[in-house]
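Report on the following structure.
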Amino acid sequence: PPPEKKKAKSKLDQDFRLLGELGRGAFSVVYRARRRDGEPYKLRDVDVSDEVAVKVVILSNMSVRERKTQLRYLNSEIAVMRKVTRHMPQDQHVVHLLESFAETTPKYRVSMVLELCNGGELFDRIVKRSFYTEADAKDVIRKLAKTLDSLHRIGIVHRDLKPENLIYSSAAEDAEIKITDFGLALDMEFPDKDVYRSHVVGTVGYFAPEVMNLRYGPACDVWSLGVITYILLVGYPPFVGRNRMEIQKEIRLGRFEFHMPEWKDISANARDLITRMLAFKPERRVRPRDILAHPWLTDACEHATKPI
Ligand code: ADP
Ligand code: MG
């Protein structure tokens with residue numbers, strides 16, 4: 001074929017210069033990128049920095065069936081991100097979607113243009129610092145609970161909150177933390193459109209309906225936030241085991257402890273709030289607005305330490 005025919009036009013290649021890899025997921029690669037035309041995106045009526053993040057999912061090399069499934073997931077993710085961006089344009093603690101497009105040549109792929117968060121994952125900051133001071137943890141949890149409250153109010157349940165999906169806006173010490181990856185999110189306004197990816201999460205669907213239903217409600221996000229709070233304060237998770245099965249067993253039993261000596265110097269308020277976020281029954285779990293009103297986040301006194 002003539003050379004101009006071989007060089008098919010691709011919006012991704014044509015409009016963006018990819019500057020390096022920011023991270024990866026199961027099917028995605030996220031790049032730092034710059035628009036070739038230098039035109040800035042507008043967000044909150046302000047120009048976004050000329051650098052963006054592009055999450056690219058390649059759907060070539062997939063069976064037609066698998067591609068169809070992946071496209072449904074991607075459509076759901078994009079719809080949720082659009083809704084979040086439209087309803088919460090001012091929220092500093094959620095990653096906004098700037099644009100999305102699909103193309104079939106030269107490869108079948110879907111791209112999501114996102115605001116750039118150059119500060120790495122919360123996961124890496126925990127590893128680097130080993131754990132957060134109580135004051136720093138409070139700051140993170142307050143922001144996340146507030147944004148979670150807003151998300152739930154517009155009907156969005158994230159369902160995949162974890163330190164890998166919480167990223168910092170920049171490398172600065174005072175960078176903002178942001179919730180990203182709405183790939184498993186549910187819009188409660190359209191529950192029939194739910195395409196929960198049980199196999200990507202690792203467990204094939206042998207769950208009883210009521211176990212699956214546990215994942216539906218917004219309460220599951222609070223549980224995840226409870227696990228994150230625990231990890232922030234001591235640097236290791238509340239539910240441990242030698243393998244996935246063992247961890248799941250502990251979770252199903254709702255069994256966790258505040259071990260000594262790690263928890264000795266951590267306030268009783270922190271332990272109380274974590275216990276309420278990890279309440280076994282979703283209907284008894286605190287809601288995001290209860291978290292914001294909890295003494296751990298409202299009391300001025302930082303060191304209300306009491307023996308366990
Ligand atoms: P997946 O749905 O495949 O898990 P994610 O959306 O979680 O993909 O993105 C994978 C990784 O890419 C994230 O864990 C994060 O490290 C990085 N990443 C995602 N979005 C951004 C962004 N807007 N800015 C910077 N890095 C990002
Ligand atoms: Mg992810």
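Each chain of the structure tokens is named A, B, ... in the order shown, its residues numbered from 1; ligands are numbered from 1 in display order.
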
Nearby polymer residues, ligand 2, at most 7 Å, only C-alpha atoms and all ligand atoms, as a PDB file with C-alpha atoms, in the first residue's frame:
ATOM      1  CA  GLY A  25      -3.534  -0.938  35.684  1.00  0.00           C
ATOM      2  CA  GLU A 164      -3.127   2.782  44.453  1.00  0.00           C
ATOM      3  CA  ASN A 165      -6.199   4.726  43.330  1.00  0.00           C
ATOM      4  CA  ASP A 181     -10.013   5.105  38.788  1.00  0.00           C
TER       5      ASP A 181
END

Contacts to ligand 1 at 7 Å cut-off (only C-alpha atoms and all ligand atoms) as a PyMOL selection string = chain A and resi 22-30+53+55+95+114-118+120-121+164-165+167+180-181+183

Those same residues, written as a CSV table (one decimal), in the first residue's frame with N, CA and C atoms?
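Written output follows (out_34.csv):
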chain,number,residue,atom,x,y,z
A,22,LEU,N,3.1,7.1,33.6
A,22,LEU,CA,2.8,7.5,35.0
A,22,LEU,C,2.4,6.3,35.9
A,23,GLY,N,1.8,5.3,35.2
A,23,GLY,CA,1.3,4.2,36.0
A,23,GLY,C,0.6,3.2,35.1
A,24,ARG,N,0.2,2.1,35.7
A,24,ARG,CA,-0.4,1.0,34.9
A,24,ARG,C,-1.5,0.4,35.7
A,25,GLY,N,-2.5,-0.1,35.0
A,25,GLY,CA,-3.5,-0.9,35.7
A,25,GLY,C,-3.6,-2.3,35.0
A,26,ALA,N,-4.7,-3.0,35.2
A,26,ALA,CA,-4.8,-4.3,34.6
A,26,ALA,C,-4.8,-4.3,33.1
A,27,PHE,N,-5.5,-3.3,32.5
A,27,PHE,CA,-5.6,-3.2,31.1
A,27,PHE,C,-5.1,-1.9,30.6
A,28,SER,N,-4.7,-1.0,31.4
A,28,SER,CA,-4.4,0.4,31.0
A,28,SER,C,-3.0,0.8,31.2
A,29,VAL,N,-2.6,1.7,30.4
A,29,VAL,CA,-1.3,2.4,30.7
A,29,VAL,C,-1.6,3.9,30.7
A,30,VAL,N,-1.1,4.6,31.7
A,30,VAL,CA,-1.4,6.0,31.9
A,30,VAL,C,-0.1,6.8,31.6
A,53,ALA,N,-2.8,13.9,31.8
A,53,ALA,CA,-2.6,12.4,31.9
A,53,ALA,C,-3.5,11.8,30.9
A,55,LYS,N,-5.1,8.1,30.0
A,55,LYS,CA,-5.3,6.7,30.3
A,55,LYS,C,-5.7,6.0,29.0
A,95,VAL,N,-10.3,13.2,40.5
A,95,VAL,CA,-9.6,13.5,39.2
A,95,VAL,C,-10.7,13.7,38.2
A,114,LEU,N,-7.2,13.0,31.3
A,114,LEU,CA,-7.5,13.4,32.7
A,114,LEU,C,-6.6,14.5,33.2
A,115,GLU,N,-7.0,15.2,34.2
A,115,GLU,CA,-6.1,16.2,34.7
A,115,GLU,C,-4.9,15.5,35.3
A,116,LEU,N,-3.8,16.0,35.1
A,116,LEU,CA,-2.5,15.4,35.5
A,116,LEU,C,-2.3,15.5,37.0
A,117,CYS,N,-2.0,14.3,37.6
A,117,CYS,CA,-1.6,14.3,39.0
A,117,CYS,C,-0.2,13.7,39.1
A,118,ASN,N,0.7,14.6,39.3
A,118,ASN,CA,2.1,14.2,39.1
A,118,ASN,C,2.8,13.7,40.4
A,120,GLY,N,2.4,11.0,42.3
A,120,GLY,CA,2.4,9.6,42.7
A,120,GLY,C,1.3,9.1,43.5
A,121,GLU,N,1.3,7.8,43.8
A,121,GLU,CA,0.2,7.2,44.6
A,121,GLU,C,0.4,7.4,46.1
A,164,GLU,N,-3.6,2.7,45.8
A,164,GLU,CA,-3.1,2.8,44.5
A,164,GLU,C,-4.0,3.7,43.6
A,165,ASN,N,-5.3,3.9,44.1
A,165,ASN,CA,-6.2,4.7,43.3
A,165,ASN,C,-6.4,6.1,43.9
A,167,ILE,N,-4.2,9.5,44.3
A,167,ILE,CA,-2.9,10.1,43.8
A,167,ILE,C,-2.8,11.5,44.2
A,180,THR,N,-9.1,8.6,42.1
A,180,THR,CA,-9.2,8.3,40.7
A,180,THR,C,-9.6,6.9,40.5
A,181,ASP,N,-9.6,6.5,39.2
A,181,ASP,CA,-10.0,5.1,38.8
A,181,ASP,C,-11.5,4.7,39.1
A,183,GLY,N,-13.2,2.8,37.4
A,183,GLY,CA,-13.5,1.6,36.6
A,183,GLY,C,-14.4,0.6,37.2

Using the chain letters and numbers from this document, which residues of segment 242-275 of chain A does DSSP assign to helix (DSSP H, G or I), as a short mmCIF file (atom, residue, chain, number, x, y, z; two decimals) with C-alpha atoms, in the first residue's frame?
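Result written to result-v8.cif:
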data_model
loop_
_atom_site.label_atom_id
_atom_site.label_comp_id
_atom_site.auth_asym_id
_atom_site.auth_seq_id
_atom_site.Cartn_x
_atom_site.Cartn_y
_atom_site.Cartn_z
CA ARG A 244 -6.02 -14.08 49.38
CA MET A 245 -8.23 -16.81 50.83
CA GLU A 246 -6.97 -16.19 54.35
CA ILE A 247 -7.41 -12.44 54.06
CA GLN A 248 -10.95 -12.87 52.73
CA LYS A 249 -11.74 -15.18 55.62
CA GLU A 250 -10.65 -12.54 58.12
CA ILE A 251 -12.72 -9.91 56.31
CA ARG A 252 -15.78 -12.15 56.27
CA LEU A 253 -15.35 -12.65 60.00
CA ALA A 268 -8.70 6.49 71.35
CA ASN A 269 -10.70 8.67 68.98
CA ALA A 270 -8.82 7.27 65.98
CA ARG A 271 -9.50 3.71 67.11
CA ASP A 272 -13.14 4.53 67.76
CA LEU A 273 -13.66 5.98 64.30
CA ILE A 274 -11.89 3.06 62.59
CA THR A 275 -14.10 0.63 64.51
#

request  = Compile the contact shell of segment 141-148 of chain A as a VMD selection string: residues with an atom at most 7 Å away, counting only C-alpha atoms, same-chain residues fewer than 2 positions apart removed.
outcome  = chain A and resid 93 137 to 139 150 to 152 229 288 291 to 292 297

inquiry  = So that I can check the surroundings of segment 69-79 of chain A, please list as an NGL selection string every protein, DNA and RNA residue that reaches within 9 Å of it, counting only C-alpha atoms and ignoring chain neighbours fewer than 5 positions away.
reply    = :A and (57 or 59 or 64 or 84 or 97 or 100 or 110 or 112 or 181-187 or 193-197)

Requested write-out: N, CA and C atoms of the selected residues, as a compact mmCIF listing (two decimals), in the first residue's frame:
# COMPACT_ATOMS: atom_id res chain seq x y z
N VAL A 57 -6.40 2.45 26.98
CA VAL A 57 -6.72 1.03 27.08
C VAL A 57 -6.70 0.45 25.68
N LEU A 59 -7.51 -2.34 23.03
CA LEU A 59 -8.50 -3.41 22.89
C LEU A 59 -8.19 -4.33 21.72
N VAL A 64 -13.50 -10.85 20.13
CA VAL A 64 -14.61 -9.92 19.93
C VAL A 64 -15.45 -9.84 21.21
N VAL A 84 -19.23 12.96 37.35
CA VAL A 84 -18.47 13.53 38.47
C VAL A 84 -17.89 14.88 38.06
N LEU A 97 -12.32 14.37 34.31
CA LEU A 97 -12.14 13.92 32.93
C LEU A 97 -12.23 15.11 32.00
N SER A 100 -12.57 12.27 26.13
CA SER A 100 -12.35 10.85 25.88
C SER A 100 -12.66 10.54 24.43
N VAL A 110 -9.04 2.99 23.50
CA VAL A 110 -9.86 4.04 24.09
C VAL A 110 -8.94 4.89 24.95
N MET A 112 -8.64 8.20 27.69
CA MET A 112 -9.29 9.16 28.58
C MET A 112 -8.27 10.22 28.96
N ASP A 181 -9.64 6.46 39.21
CA ASP A 181 -10.01 5.10 38.79
C ASP A 181 -11.47 4.75 39.15
N PHE A 182 -12.38 5.22 38.32
CA PHE A 182 -13.80 4.91 38.51
C PHE A 182 -14.21 3.68 37.69
N GLY A 183 -13.22 2.82 37.43
CA GLY A 183 -13.46 1.64 36.61
C GLY A 183 -14.43 0.64 37.22
N LEU A 184 -14.61 0.67 38.52
CA LEU A 184 -15.54 -0.26 39.17
C LEU A 184 -16.73 0.49 39.77
N ALA A 185 -16.81 1.77 39.48
CA ALA A 185 -17.81 2.60 40.15
C ALA A 185 -19.23 2.27 39.68
N LEU A 186 -20.17 2.56 40.55
CA LEU A 186 -21.59 2.35 40.24
C LEU A 186 -22.31 3.68 40.33
N ASP A 187 -23.16 3.94 39.35
CA ASP A 187 -24.05 5.08 39.43
C ASP A 187 -25.40 4.57 39.92
N LYS A 193 -27.55 -0.49 34.93
CA LYS A 193 -26.40 -0.42 34.01
C LYS A 193 -25.13 -0.94 34.68
N ASP A 194 -25.27 -1.53 35.85
CA ASP A 194 -24.09 -1.96 36.59
C ASP A 194 -23.35 -3.07 35.85
N VAL A 195 -22.05 -2.88 35.69
CA VAL A 195 -21.23 -3.90 35.03
C VAL A 195 -20.05 -4.26 35.93
N TYR A 196 -20.37 -4.68 37.15
CA TYR A 196 -19.31 -4.94 38.13
C TYR A 196 -18.33 -5.99 37.63
N ARG A 197 -17.03 -5.63 37.71
CA ARG A 197 -16.02 -6.50 37.14
C ARG A 197 -15.49 -7.51 38.15

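Counting only C-alpha atoms and comparing A:Ile231, A:Ala102, A:Val80, A:Val48, the residue that lies closest to Ser10 of chain A is A:Ala102.
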
ask   = If you measure from atom CA of Ile228 of chain A to atom CA of Arg82 of chain A, what distance in Å do you get, rounded to one decimal?
value = 26.1 Å

inquiry  = Can you pull out every residue from segment 54-89 of chain A that DSSP, working from the backbone, puts in strand (DSSP E or B), and format the result as an MDAnalysis selection string?
reply    = chainID A and resid 54:58

Export of the given selection (C-alpha atoms) as an mmCIF file, in the first residue's frame:
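Result written to out24.cif:
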data_model
loop_
_atom_site.group_PDB
_atom_site.id
_atom_site.type_symbol
_atom_site.label_atom_id
_atom_site.label_comp_id
_atom_site.auth_asym_id
_atom_site.auth_seq_id
_atom_site.Cartn_x
_atom_site.Cartn_y
_atom_site.Cartn_z
ATOM 1 C CA VAL A 54 -3.942 10.072 29.208
ATOM 2 C CA LYS A 55 -5.251 6.694 30.296
ATOM 3 C CA VAL A 56 -5.028 4.407 27.272
ATOM 4 C CA VAL A 57 -6.720 1.033 27.081
ATOM 5 C CA ILE A 58 -5.745 -1.143 24.124
#
